[in-house]
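Source file: start_25.tsv (TSV, C-alpha atoms)
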```
chain	number	residue	atom	x	y	z
A	1	MET	CA	15.02	-27.48	11.89
A	2	PRO	CA	18.56	-28.46	10.85
A	3	GLU	CA	21.02	-25.63	10.44
A	4	LEU	CA	22.21	-26.66	6.97
A	5	ILE	CA	18.80	-26.34	5.41
A	6	ALA	CA	19.95	-25.67	1.85
A	7	HIS	CA	21.96	-28.87	1.64
A	8	CYS	CA	21.94	-29.91	-2.00
A	9	ARG	CA	21.41	-28.83	-5.58
A	10	TYR	CA	20.59	-30.63	-8.82
A	11	ASP	CA	23.32	-30.92	-11.48
A	12	PRO	CA	21.74	-31.72	-14.88
A	13	VAL	CA	25.02	-33.22	-16.16
A	14	VAL	CA	25.53	-35.91	-13.55
A	15	SER	CA	21.85	-36.11	-12.55
A	16	ARG	CA	22.55	-36.62	-8.86
A	17	PRO	CA	22.49	-34.39	-5.76
A	18	GLN	CA	25.59	-32.28	-5.12
A	19	PRO	CA	26.67	-30.61	-1.86
A	20	ALA	CA	25.66	-26.97	-1.51
A	21	SER	CA	28.45	-24.45	-1.16
A	22	GLN	CA	29.06	-22.60	2.08
A	23	HIS	CA	27.90	-19.41	0.36
A	24	THR	CA	24.59	-21.04	-0.65
A	25	VAL	CA	23.94	-22.14	2.92
A	26	ARG	CA	24.81	-18.70	4.32
A	27	ARG	CA	22.61	-17.00	1.76
A	28	HIS	CA	19.66	-19.17	2.71
A	29	ASN	CA	20.20	-18.71	6.43
A	30	SER	CA	20.59	-14.93	6.07
A	31	ALA	CA	17.13	-14.79	4.49
A	32	LEU	CA	15.78	-17.07	7.24
A	33	VAL	CA	17.11	-14.81	10.00
A	34	LEU	CA	15.93	-11.57	8.38
A	35	ASP	CA	12.47	-13.03	7.83
A	36	ALA	CA	12.28	-13.99	11.51
A	37	ILE	CA	13.15	-10.41	12.52
A	38	ALA	CA	10.62	-8.99	10.05
A	39	GLU	CA	7.86	-11.29	11.34
A	40	ALA	CA	8.58	-10.64	15.01
A	41	PRO	CA	10.16	-7.18	15.44
A	42	GLY	CA	11.83	-6.75	18.83
A	43	SER	CA	13.07	-10.35	19.03
A	44	SER	CA	16.48	-11.06	20.53
A	45	ARG	CA	19.21	-13.15	18.92
A	46	ALA	CA	18.21	-16.07	21.15
A	47	ALA	CA	14.55	-15.75	20.10
A	48	VAL	CA	15.55	-15.67	16.43
A	49	ALA	CA	17.66	-18.79	16.96
A	50	ALA	CA	14.71	-20.56	18.57
A	51	ARG	CA	12.38	-19.44	15.77
A	52	THR	CA	14.67	-20.55	12.94
A	53	GLY	CA	16.34	-23.62	14.42
A	54	LEU	CA	19.80	-22.17	13.81
A	55	THR	CA	22.45	-22.06	16.53
A	56	LYS	CA	22.84	-18.89	18.57
A	57	ALA	CA	26.40	-18.48	17.26
A	58	THR	CA	25.23	-18.63	13.64
A	59	VAL	CA	22.39	-16.18	14.26
A	60	SER	CA	24.71	-13.78	16.08
A	61	SER	CA	27.22	-13.87	13.22
A	62	LEU	CA	24.55	-13.28	10.56
A	63	VAL	CA	22.88	-10.51	12.58
A	64	ASP	CA	26.20	-8.72	13.05
A	65	ARG	CA	26.76	-8.82	9.29
A	66	MET	CA	23.28	-7.42	8.62
A	67	ILE	CA	23.72	-4.67	11.20
A	68	GLY	CA	26.92	-3.69	9.41
A	69	ALA	CA	25.04	-3.61	6.10
A	70	GLY	CA	22.26	-1.41	7.53
A	71	LEU	CA	19.56	-4.07	7.22
A	72	VAL	CA	19.03	-4.61	10.95
A	73	ALA	CA	19.14	-2.21	13.89
A	74	GLU	CA	19.41	-2.87	17.63
A	75	GLY	CA	17.38	-1.00	20.18
A	76	GLY	CA	16.47	-1.47	23.83
A	77	ALA	CA	15.76	-4.71	25.63
A	78	GLU	CA	13.66	-7.53	24.27
A	79	ALA	CA	9.99	-7.25	25.30
A	80	ARG	CA	9.01	-10.51	26.98
A	81	SER	CA	7.68	-11.84	30.25
A	82	GLY	CA	9.24	-14.35	32.59
A	83	PRO	CA	12.56	-14.63	34.44
A	84	GLY	CA	16.02	-14.36	32.97
A	85	ARG	CA	18.07	-11.70	31.29
A	86	ARG	CA	16.44	-10.02	28.33
A	87	GLY	CA	18.37	-9.86	25.09
A	88	THR	CA	18.78	-6.84	22.84
A	89	ALA	CA	15.78	-6.21	20.58
A	90	LEU	CA	16.31	-6.49	16.82
A	91	HIS	CA	14.35	-4.58	14.17
A	92	LEU	CA	14.50	-3.97	10.45
A	93	SER	CA	16.45	-0.77	9.94
A	94	PRO	CA	14.41	2.16	8.58
A	95	SER	CA	17.65	3.69	7.30
A	96	GLY	CA	18.61	0.55	5.34
A	97	PRO	CA	18.14	-0.04	1.61
A	98	HIS	CA	14.85	1.30	0.26
A	99	GLY	CA	12.59	0.08	-2.51
A	100	LEU	CA	12.04	2.64	-5.26
A	101	GLY	CA	8.63	2.30	-6.91
A	102	VAL	CA	7.70	3.71	-10.32
A	103	GLU	CA	4.27	3.68	-11.97
A	104	ILE	CA	3.87	4.52	-15.64
A	105	GLY	CA	0.25	5.63	-15.87
A	106	VAL	CA	-1.54	6.67	-19.02
A	107	ASP	CA	-1.63	10.31	-17.92
A	108	TYR	CA	0.97	10.47	-15.13
A	109	LEU	CA	4.23	9.17	-13.71
A	110	ALA	CA	4.45	8.33	-10.01
A	111	THR	CA	7.45	7.40	-7.88
A	112	CYS	CA	7.89	6.60	-4.21
A	113	LEU	CA	10.48	5.36	-1.72
A	114	VAL	CA	9.57	2.69	0.84
A	115	ASP	CA	11.89	1.58	3.64
A	116	LEU	CA	12.41	-1.96	4.94
A	117	THR	CA	9.61	-1.56	7.49
A	118	GLY	CA	7.08	-0.67	4.77
A	119	ARG	CA	6.94	3.05	5.60
A	120	VAL	CA	6.66	5.47	2.68
A	121	ARG	CA	9.65	7.79	2.90
A	122	ALA	CA	8.77	10.09	-0.03
A	123	ARG	CA	6.48	10.20	-3.06
A	124	TRP	CA	6.21	12.20	-6.26
A	125	LEU	CA	3.45	12.55	-8.88
A	126	ARG	CA	3.99	14.14	-12.30
A	127	PRO	CA	1.20	14.68	-14.87
A	128	SER	CA	2.33	13.24	-18.20
A	129	ASP	CA	0.30	12.41	-21.32
A	130	ASN	CA	2.07	9.16	-22.07
A	131	ARG	CA	-0.37	8.21	-24.82
A	132	ALA	CA	1.10	10.92	-27.01
A	133	SER	CA	4.72	9.87	-26.45
A	134	SER	CA	6.94	7.07	-27.71
A	135	PRO	CA	8.21	4.43	-25.27
A	136	ALA	CA	11.71	5.90	-25.57
A	137	ARG	CA	10.51	9.37	-24.59
A	138	VAL	CA	8.44	8.11	-21.66
A	139	LEU	CA	11.25	5.90	-20.38
A	140	ALA	CA	13.59	8.88	-20.55
A	141	LYS	CA	11.17	10.67	-18.20
A	142	VAL	CA	11.06	7.59	-15.99
A	143	ALA	CA	14.86	7.50	-15.85
A	144	ALA	CA	14.91	11.17	-14.82
A	145	ALA	CA	12.33	10.46	-12.09
A	146	VAL	CA	14.41	7.52	-10.83
A	147	ARG	CA	17.54	9.68	-10.71
A	148	THR	CA	15.64	12.35	-8.75
A	149	ALA	CA	14.45	9.79	-6.20
A	150	ALA	CA	17.92	8.25	-5.98
A	151	ARG	CA	19.36	11.62	-4.96
A	152	GLN	CA	17.51	11.40	-1.64
A	153	ASP	CA	19.71	10.65	1.34
A	154	VAL	CA	18.80	6.95	1.45
A	155	PRO	CA	20.33	3.86	-0.19
A	156	ILE	CA	18.35	2.23	-3.02
A	157	GLY	CA	18.22	-1.56	-2.88
A	158	GLY	CA	15.89	-2.26	-5.80
A	159	VAL	CA	13.47	-0.69	-8.29
A	160	GLY	CA	9.91	-1.86	-8.98
A	161	VAL	CA	8.07	-0.64	-12.08
A	162	ALA	CA	4.28	-0.83	-12.56
A	163	VAL	CA	2.97	-0.66	-16.13
A	164	PRO	CA	-0.60	-0.81	-17.54
A	165	GLY	CA	-0.39	-3.88	-19.74
A	166	LEU	CA	0.67	-7.49	-20.18
A	167	VAL	CA	4.09	-8.09	-18.61
A	168	GLU	CA	6.51	-10.96	-19.06
A	169	VAL	CA	7.62	-10.74	-15.43
A	170	ALA	CA	10.68	-12.99	-15.69
A	171	GLY	CA	12.24	-10.88	-18.44
A	172	GLY	CA	10.77	-7.51	-17.50
A	173	SER	CA	9.24	-6.96	-20.95
A	174	LEU	CA	5.92	-5.27	-21.64
A	175	ARG	CA	4.15	-7.31	-24.32
A	176	VAL	CA	1.31	-4.92	-25.02
A	177	ALA	CA	-0.29	-1.88	-23.37
A	178	PRO	CA	-3.34	-0.92	-25.48
A	179	ASN	CA	-3.99	2.39	-23.74
A	180	LEU	CA	-0.40	3.50	-24.31
A	181	GLY	CA	-0.17	2.06	-27.80
A	182	TRP	CA	2.99	0.14	-26.79
A	183	ARG	CA	4.07	-3.31	-27.98
A	184	GLU	CA	7.16	-5.37	-27.10
A	185	VAL	CA	8.99	-2.84	-24.93
A	186	ASP	CA	11.95	-4.08	-22.86
A	187	VAL	CA	11.16	-1.91	-19.84
A	188	ARG	CA	13.75	-3.52	-17.57
A	189	GLY	CA	16.51	-3.41	-20.16
A	190	GLU	CA	15.80	0.16	-21.24
A	191	LEU	CA	15.59	1.48	-17.71
A	192	THR	CA	18.71	-0.38	-16.59
A	193	ARG	CA	20.58	1.07	-19.56
A	194	ARG	CA	19.41	4.63	-18.91
A	195	VAL	CA	19.98	4.71	-15.14
A	196	GLU	CA	23.27	3.79	-13.54
A	197	LEU	CA	21.88	1.83	-10.58
A	198	ASP	CA	23.47	-1.51	-9.82
A	199	VAL	CA	20.31	-2.96	-8.26
A	200	PRO	CA	17.57	-5.34	-9.45
A	201	VAL	CA	14.77	-3.85	-11.59
A	202	LEU	CA	11.43	-5.69	-11.28
A	203	VAL	CA	8.56	-5.00	-13.71
A	204	GLY	CA	4.92	-5.91	-13.12
A	205	ASN	CA	1.36	-5.19	-14.14
A	206	GLU	CA	-0.01	-2.16	-12.29
A	207	ALA	CA	-3.26	-3.86	-11.23
A	208	ASN	CA	-1.38	-6.84	-9.80
A	209	LEU	CA	1.01	-4.59	-7.88
A	210	ALA	CA	-1.92	-2.53	-6.58
A	211	ALA	CA	-3.58	-5.71	-5.31
A	212	LEU	CA	-0.36	-6.77	-3.57
A	213	ALA	CA	-0.07	-3.37	-1.93
A	214	GLU	CA	-3.64	-3.78	-0.66
A	215	LEU	CA	-2.74	-7.23	0.69
A	216	TRP	CA	0.45	-6.02	2.40
A	217	HIS	CA	-0.64	-2.57	3.60
A	218	GLY	CA	-4.43	-2.37	3.29
A	219	ASP	CA	-7.42	-3.34	5.41
A	220	VAL	CA	-8.76	-6.43	3.62
A	221	ALA	CA	-8.29	-10.14	4.21
A	222	SER	CA	-6.48	-12.68	2.05
A	223	ASP	CA	-9.14	-13.30	-0.64
A	224	PHE	CA	-10.34	-10.44	-2.82
A	225	LEU	CA	-10.54	-8.89	-6.26
A	226	HIS	CA	-8.90	-5.48	-6.52
A	227	VAL	CA	-10.25	-3.49	-9.46
A	228	SER	CA	-8.37	-0.30	-10.29
A	229	GLY	CA	-10.37	2.20	-12.29
A	230	GLU	CA	-8.28	4.75	-14.15
A	231	ILE	CA	-8.31	5.47	-17.88
A	232	GLY	CA	-7.82	1.73	-18.18
A	233	ILE	CA	-9.32	-0.83	-15.81
A	234	GLY	CA	-7.27	-3.69	-14.38
A	235	ALA	CA	-7.93	-6.35	-11.77
A	236	GLY	CA	-5.60	-8.04	-9.32
A	237	ILE	CA	-6.80	-11.42	-8.02
A	238	VAL	CA	-5.68	-12.45	-4.53
A	239	VAL	CA	-6.52	-15.97	-3.35
A	240	GLY	CA	-5.27	-17.49	-0.11
A	241	GLY	CA	-2.95	-14.56	0.51
A	242	GLY	CA	-1.22	-14.94	-2.86
A	243	LEU	CA	-1.53	-13.23	-6.23
A	244	PHE	CA	-3.16	-15.29	-9.00
A	245	GLU	CA	-1.73	-14.18	-12.35
A	246	GLY	CA	-2.74	-17.02	-14.67
A	247	VAL	CA	-0.49	-19.48	-16.49
A	248	SER	CA	1.46	-16.85	-18.44
A	249	GLY	CA	1.10	-14.05	-15.90
A	250	PHE	CA	-1.42	-12.21	-18.07
A	251	GLY	CA	-4.52	-12.66	-15.89
A	252	GLY	CA	-6.71	-9.88	-14.50
A	253	GLU	CA	-7.40	-7.93	-17.73
A	254	ILE	CA	-10.98	-7.22	-16.70
A	255	GLY	CA	-10.95	-3.88	-18.52
A	256	HIS	CA	-10.92	-5.77	-21.81
A	257	LEU	CA	-13.80	-8.02	-20.89
A	258	SER	CA	-16.53	-7.28	-23.43
A	259	VAL	CA	-19.72	-6.41	-21.55
A	260	ASP	CA	-21.56	-5.11	-24.64
A	261	PRO	CA	-20.58	-6.77	-27.94
A	262	ARG	CA	-22.30	-3.94	-29.84
A	263	GLY	CA	-20.53	-1.26	-27.83
A	264	PRO	CA	-17.81	1.16	-28.91
A	265	GLU	CA	-14.54	-0.07	-30.37
A	266	CYS	CA	-11.67	-0.47	-27.92
A	267	ALA	CA	-7.95	0.14	-28.40
A	268	CYS	CA	-7.40	-3.59	-27.90
A	269	GLY	CA	-9.36	-4.34	-31.09
A	270	SER	CA	-12.53	-5.66	-29.46
A	271	ARG	CA	-15.84	-3.87	-28.91
A	272	GLY	CA	-17.80	-2.96	-25.81
A	273	CYS	CA	-14.90	-3.51	-23.39
A	274	LEU	CA	-15.55	-2.55	-19.78
A	275	GLU	CA	-13.07	0.33	-19.80
A	276	ARG	CA	-14.82	1.88	-22.83
A	277	LEU	CA	-18.07	1.95	-20.86
A	278	ALA	CA	-16.94	2.43	-17.25
A	279	GLY	CA	-13.42	3.85	-17.45
A	280	GLN	CA	-12.43	7.28	-16.18
A	281	ASP	CA	-12.53	8.92	-19.62
A	282	GLU	CA	-16.06	7.68	-20.31
A	283	ILE	CA	-17.37	8.75	-16.90
A	284	VAL	CA	-16.08	12.33	-17.11
A	285	ARG	CA	-17.24	12.60	-20.73
A	286	ALA	CA	-20.75	11.46	-19.87
A	287	ALA	CA	-20.79	13.82	-16.87
A	288	GLY	CA	-19.75	16.75	-19.05
A	289	VAL	CA	-16.78	17.71	-16.87
A	290	PRO	CA	-13.06	18.10	-17.68
A	291	GLY	CA	-11.68	15.88	-14.91
A	292	VAL	CA	-12.24	13.76	-11.82
A	293	ASP	CA	-11.98	16.65	-9.34
A	294	ASP	CA	-14.77	18.50	-11.15
A	295	LEU	CA	-16.79	15.29	-11.25
A	296	LEU	CA	-16.51	14.90	-7.49
A	297	ASP	CA	-17.64	18.51	-6.98
A	298	ARG	CA	-20.70	17.89	-9.17
A	299	LEU	CA	-21.52	14.66	-7.38
A	300	ALA	CA	-21.24	16.32	-3.98
A	301	SER	CA	-23.71	18.99	-5.11
A	302	GLY	CA	-26.16	16.36	-6.35
A	303	ASP	CA	-25.74	17.14	-10.05
A	304	ARG	CA	-28.06	14.81	-11.98
A	305	THR	CA	-25.88	14.40	-15.09
A	306	ALA	CA	-22.82	13.49	-13.03
A	307	THR	CA	-24.81	11.08	-10.88
A	308	THR	CA	-26.30	9.39	-13.95
A	309	ALA	CA	-22.83	8.97	-15.50
A	310	VAL	CA	-21.47	7.27	-12.38
A	311	ARG	CA	-24.50	5.03	-11.96
A	312	SER	CA	-24.22	3.90	-15.58
A	313	ALA	CA	-20.56	3.04	-15.05
A	314	ALA	CA	-21.48	1.17	-11.86
A	315	ARG	CA	-23.98	-0.99	-13.75
A	316	TRP	CA	-21.42	-1.97	-16.41
A	317	LEU	CA	-18.87	-2.59	-13.68
A	318	GLY	CA	-21.41	-4.82	-11.93
A	319	VAL	CA	-21.85	-6.89	-15.09
A	320	ALA	CA	-18.11	-7.55	-15.31
A	321	LEU	CA	-17.52	-8.09	-11.60
A	322	SER	CA	-20.46	-10.47	-11.22
A	323	GLY	CA	-18.94	-12.67	-13.92
A	324	ALA	CA	-15.60	-12.61	-12.11
A	325	VAL	CA	-17.20	-13.43	-8.74
A	326	ASN	CA	-19.29	-16.24	-10.23
A	327	LEU	CA	-16.13	-17.71	-11.74
A	328	LEU	CA	-13.74	-17.21	-8.81
A	329	ASP	CA	-16.01	-17.22	-5.72
A	330	LEU	CA	-14.26	-14.26	-4.08
A	331	PRO	CA	-15.98	-12.65	-1.08
A	332	THR	CA	-14.67	-9.09	-1.44
A	333	VAL	CA	-14.25	-6.51	-4.18
A	334	VAL	CA	-11.84	-3.65	-3.48
A	335	LEU	CA	-12.40	-0.49	-5.52
A	336	GLY	CA	-9.07	1.16	-6.30
A	337	GLY	CA	-7.78	4.12	-8.26
A	338	THR	CA	-10.49	6.58	-9.29
A	339	TYR	CA	-13.14	4.08	-8.24
A	340	ALA	CA	-12.00	4.48	-4.62
A	341	ARG	CA	-12.83	8.20	-4.82
A	342	LEU	CA	-16.19	7.47	-6.46
A	343	GLU	CA	-17.07	4.65	-4.05
A	344	PRO	CA	-19.88	6.52	-2.18
A	345	TRP	CA	-21.76	6.95	-5.47
A	346	LEU	CA	-20.84	3.55	-6.94
A	347	GLN	CA	-21.87	1.45	-3.94
A	348	GLU	CA	-25.66	1.31	-4.28
A	349	PRO	CA	-26.00	0.63	-8.05
A	350	LEU	CA	-22.99	-1.71	-8.02
A	351	HIS	CA	-24.38	-3.72	-5.11
A	352	ALA	CA	-27.76	-3.94	-6.82
A	353	GLU	CA	-26.14	-5.39	-9.94
A	354	LEU	CA	-24.03	-7.86	-7.95
A	355	ASP	CA	-27.01	-8.99	-5.87
A	356	ARG	CA	-28.98	-9.61	-9.06
A	357	ARG	CA	-26.26	-11.38	-11.05
A	358	VAL	CA	-24.07	-13.29	-8.57
A	359	VAL	CA	-25.58	-16.75	-8.20
A	360	SER	CA	-24.32	-17.26	-4.64
A	361	ALA	CA	-25.24	-13.75	-3.40
A	362	GLU	CA	-28.15	-15.06	-1.29
A	363	TRP	CA	-25.80	-17.20	0.80
A	364	SER	CA	-22.54	-15.29	0.39
A	365	PRO	CA	-23.13	-11.58	-0.26
A	366	VAL	CA	-20.26	-9.81	-1.98
A	367	ARG	CA	-18.57	-7.13	0.13
A	368	VAL	CA	-17.54	-3.98	-1.75
A	369	VAL	CA	-15.02	-1.62	-0.11
A	370	ALA	CA	-12.90	1.32	-1.15
A	371	SER	CA	-9.15	0.83	-1.22
A	372	SER	CA	-7.41	2.46	1.73
A	373	LEU	CA	-4.47	3.20	-0.59
A	374	GLY	CA	-6.44	4.66	-3.50
A	375	SER	CA	-4.40	5.83	-6.47
A	376	GLU	CA	-1.12	5.22	-4.63
A	377	ALA	CA	-1.59	1.46	-4.50
A	378	ALA	CA	0.30	0.47	-7.67
A	379	VAL	CA	3.40	2.59	-7.07
A	380	ARG	CA	3.51	1.53	-3.44
A	381	GLY	CA	3.15	-2.10	-4.48
A	382	ALA	CA	6.02	-1.66	-6.93
A	383	ALA	CA	8.28	-0.21	-4.22
A	384	THR	CA	7.29	-2.86	-1.69
A	385	THR	CA	7.99	-5.63	-4.19
A	386	ALA	CA	11.56	-4.33	-4.40
A	387	VAL	CA	11.76	-4.25	-0.58
A	388	ARG	CA	10.47	-7.80	-0.25
A	389	ALA	CA	13.06	-8.96	-2.79
A	390	ILE	CA	15.77	-7.53	-0.51
A	391	LEU	CA	14.27	-9.27	2.52
A	392	ALA	CA	14.02	-12.57	0.62
A	393	ASP	CA	17.70	-12.47	-0.39
A	394	PRO	CA	19.71	-10.04	1.75
A	395	ASP	CA	23.12	-11.67	1.28
A	396	PRO	CA	24.07	-9.91	-1.99
A	397	TYR	CA	23.46	-6.55	-0.31
A	398	VAL	CA	25.49	-7.61	2.74
A	399	THR	CA	28.31	-8.88	0.52
A	400	SER	CA	28.45	-5.69	-1.57
A	401	THR	CA	28.49	-3.57	1.59
A	402	LEU	CA	31.35	-5.56	3.11
A	403	ALA	CA	33.38	-5.68	-0.10
```
Would you mind writing the file's structure down as structure tokens?
Amino acid sequence: MPELIAHCRYDPVVSRPQPASQHTVRRHNSALVLDAIAEAPGSSRAAVAARTGLTKATVSSLVDRMIGAGLVAEGGAEARSGPGRRGTALHLSPSGPHGLGVEIGVDYLATCLVDLTGRVRARWLRPSDNRASSPARVLAKVAAAVRTAARQDVPIGGVGVAVPGLVEVAGGSLRVAPNLGWREVDVRGELTRRVELDVPVLVGNEANLAALAELWHGDVASDFLHVSGEIGIGAGIVVGGGLFEGVSGFGGEIGHLSVDPRGPECACGSRGCLERLAGQDEIVRAAGVPGVDDLLDRLASGDRTATTAVRSAARWLGVALSGAVNLLDLPTVVLGGTYARLEPWLQEPLHAELDRRVVSAEWSPVRVVASSLGSEAAVRGAATTAVRAILADPDPYVTSTLA
């Protein structure tokens, strides 16, 4: 691999290749080196040079800069077999810049800090009835939560925000969130204005971020449908180890798939949507309990009303998921959010519905598993997205540290 990998750019005025600046090349190579260390922790400078195709002198210079910026740490001798002197092992620094994740739920706010290695440093959960509040009021609470997290004794390198609705990812705007009653909210702009943090703010759909967290930190392979059951229901589609969001980034709105056209009216304007028949609110209402914890107690004791409510939700969920599996040919369904807690009671009726409705079930049975991350998936995915943005482009952080 040649050292000057990023060698040209396109200038729309002259319409011909132009030489890349020295800064562009260094920025590219910094990301290349940090990725090599992330993929093979414990590698030496020489091993990173061999892995990237860069010279040892270039790797050593870039590594020294990243050590100074707190992105990389040295420790012990390189672990390898064979003769010769072992180099110093390099690792991502757990004390380097952290990703700060925020999730705006319908009835809660969650925040967490994740370090460069993917470890959760701290998390917070605050009950909050966000349906009864204006976007400005909720974002003021979010700003306060961000400031609280930022007061921890760690540097913040980026903020990821998970929201329950359609997100214009490039601009950080929430187009619509039916369960919050929000339309056209500039989440990125409002949060950046309210919080004095000179770091990137990334905004994404909560179901997509939950699916990415499952991909990065969970126990499933690279092809699955993650369905998060809360008051709303969202789906994250992972194919070939990548998130499929649709052409405009609005894919995965399985909660607003109409499974009963004669069913109850939904906040989105349709009728019989999945979340109106199998969402958290409907399940606890049908079970005659005030909340999910009480529902779980009733289920554990074998309460018939609670069991019937969950089985009914499982059947409607099976109708929606079978359509998704028939369309996408995904081998695994991951139950997230409240569904992860209800998985022991959802499994049998959900599997029965999938076996009956999925055309390929005889030859390729659908696997249904509970998320290992549960209700923390979206906020952890938001924080990890911020971390991965740092790893993909570390040079601005290095430059600001050295300035």
Report task. For A:Glu74, please output as an MDAnalysis selection string all residues within 7 Å (counting only C-alpha atoms; exclusion window: fewer than 3 positions along the same chain). Result -> chainID A and resid 88:91
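Remark: for A:Cys266, the closest of the candidate residues A:Arg194, A:Gly181, A:Asp293, A:Pro331 is A:Gly181 (distances computed over all atoms listed in the file).
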Report task. Report the distance between atom CA of A:Leu342 and atom CA of A:Val176 in Å, rounded to one decimal place. Result -> 28.4 Å
Report task. Kindly indicate which residue among A:Ala386, A:Val102, A:Leu125, A:Val334 lies nearest to A:Asp219, using only C-alpha atoms for the distances. Result -> A:Val334
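Separating atom CA of A:Leu215 from atom CA of A:Gly381 is a distance of 9.4 Å.
The neighbours of A:Thr338 here are the residues that come within 6 Å of it, using all atoms listed in the file and leaving out any residue fewer than 3 positions away in the same chain; they are Gly229, Glu230 and Arg341 of chain A.
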Report task. Measuring atom to atom with all atoms listed in the file, identify which of A:Ser134, A:Ser173, A:Asn205, A:Thr111 is nearest to A:Glu190. Result -> A:Ser173
**Report entry** Close residues, A:Val159 itself excluded, 9 Å, only C-alpha atoms, min 6 positions apart in chain, as an MDAnalysis selection string
**Finding:** chainID A and resid 98:102 146 199:203 382:383 385:387
Would you give me, as a Markdown table, each residue of stretch 55-159 of chain A having an atom within 10 Å of an atom of stretch 182-186 of chain A, along with its shortest atom pair and that distance in Å to one decimal, using only C-alpha atoms and sorting by chain and residue number?
```
| residue | atom | partner | partner_atom | distance |
| --- | --- | --- | --- | --- |
| A:Arg131 | CA | A:Trp182 | CA | 9.0 |
| A:Ser133 | CA | A:Trp182 | CA | 9.9 |
| A:Ser134 | CA | A:Trp182 | CA | 8.0 |
| A:Pro135 | CA | A:Trp182 | CA | 6.9 |
| A:Ala136 | CA | A:Val185 | CA | 9.2 |
```
Please supply stretch 374-385 of chain A, rebuilt with N, CA and C atoms, as a PDB file, keeping the file's coordinate frame.
```pdb
ATOM      1  N   GLY A 374      -5.996   3.847  -2.375  1.00  0.00           N
ATOM      2  CA  GLY A 374      -6.440   4.660  -3.500  1.00  0.00           C
ATOM      3  C   GLY A 374      -5.505   4.588  -4.689  1.00  0.00           C
ATOM      4  N   SER A 375      -5.227   5.756  -5.268  1.00  0.00           N
ATOM      5  CA  SER A 375      -4.400   5.830  -6.470  1.00  0.00           C
ATOM      6  C   SER A 375      -2.924   5.570  -6.212  1.00  0.00           C
ATOM      7  N   GLU A 376      -2.526   5.474  -4.953  1.00  0.00           N
ATOM      8  CA  GLU A 376      -1.120   5.220  -4.630  1.00  0.00           C
ATOM      9  C   GLU A 376      -0.786   3.730  -4.573  1.00  0.00           C
ATOM     10  N   ALA A 377      -1.793   2.884  -4.735  1.00  0.00           N
ATOM     11  CA  ALA A 377      -1.590   1.460  -4.500  1.00  0.00           C
ATOM     12  C   ALA A 377      -0.540   0.853  -5.432  1.00  0.00           C
ATOM     13  N   ALA A 378      -0.606   1.131  -6.726  1.00  0.00           N
ATOM     14  CA  ALA A 378       0.300   0.470  -7.670  1.00  0.00           C
ATOM     15  C   ALA A 378       1.752   0.863  -7.442  1.00  0.00           C
ATOM     16  N   VAL A 379       2.013   2.165  -7.264  1.00  0.00           N
ATOM     17  CA  VAL A 379       3.400   2.590  -7.070  1.00  0.00           C
ATOM     18  C   VAL A 379       3.936   2.104  -5.727  1.00  0.00           C
ATOM     19  N   ARG A 380       3.070   2.046  -4.729  1.00  0.00           N
ATOM     20  CA  ARG A 380       3.510   1.530  -3.440  1.00  0.00           C
ATOM     21  C   ARG A 380       3.756   0.018  -3.523  1.00  0.00           C
ATOM     22  N   GLY A 381       2.919  -0.678  -4.279  1.00  0.00           N
ATOM     23  CA  GLY A 381       3.150  -2.100  -4.480  1.00  0.00           C
ATOM     24  C   GLY A 381       4.449  -2.366  -5.217  1.00  0.00           C
ATOM     25  N   ALA A 382       4.765  -1.510  -6.191  1.00  0.00           N
ATOM     26  CA  ALA A 382       6.020  -1.660  -6.930  1.00  0.00           C
ATOM     27  C   ALA A 382       7.218  -1.487  -5.997  1.00  0.00           C
ATOM     28  N   ALA A 383       7.178  -0.449  -5.158  1.00  0.00           N
ATOM     29  CA  ALA A 383       8.280  -0.210  -4.220  1.00  0.00           C
ATOM     30  C   ALA A 383       8.398  -1.333  -3.197  1.00  0.00           C
ATOM     31  N   THR A 384       7.260  -1.808  -2.700  1.00  0.00           N
ATOM     32  CA  THR A 384       7.290  -2.860  -1.690  1.00  0.00           C
ATOM     33  C   THR A 384       7.758  -4.188  -2.266  1.00  0.00           C
ATOM     34  N   THR A 385       7.467  -4.422  -3.528  1.00  0.00           N
ATOM     35  CA  THR A 385       7.990  -5.630  -4.190  1.00  0.00           C
ATOM     36  C   THR A 385       9.510  -5.616  -4.186  1.00  0.00           C
TER      37      THR A 385
END
```
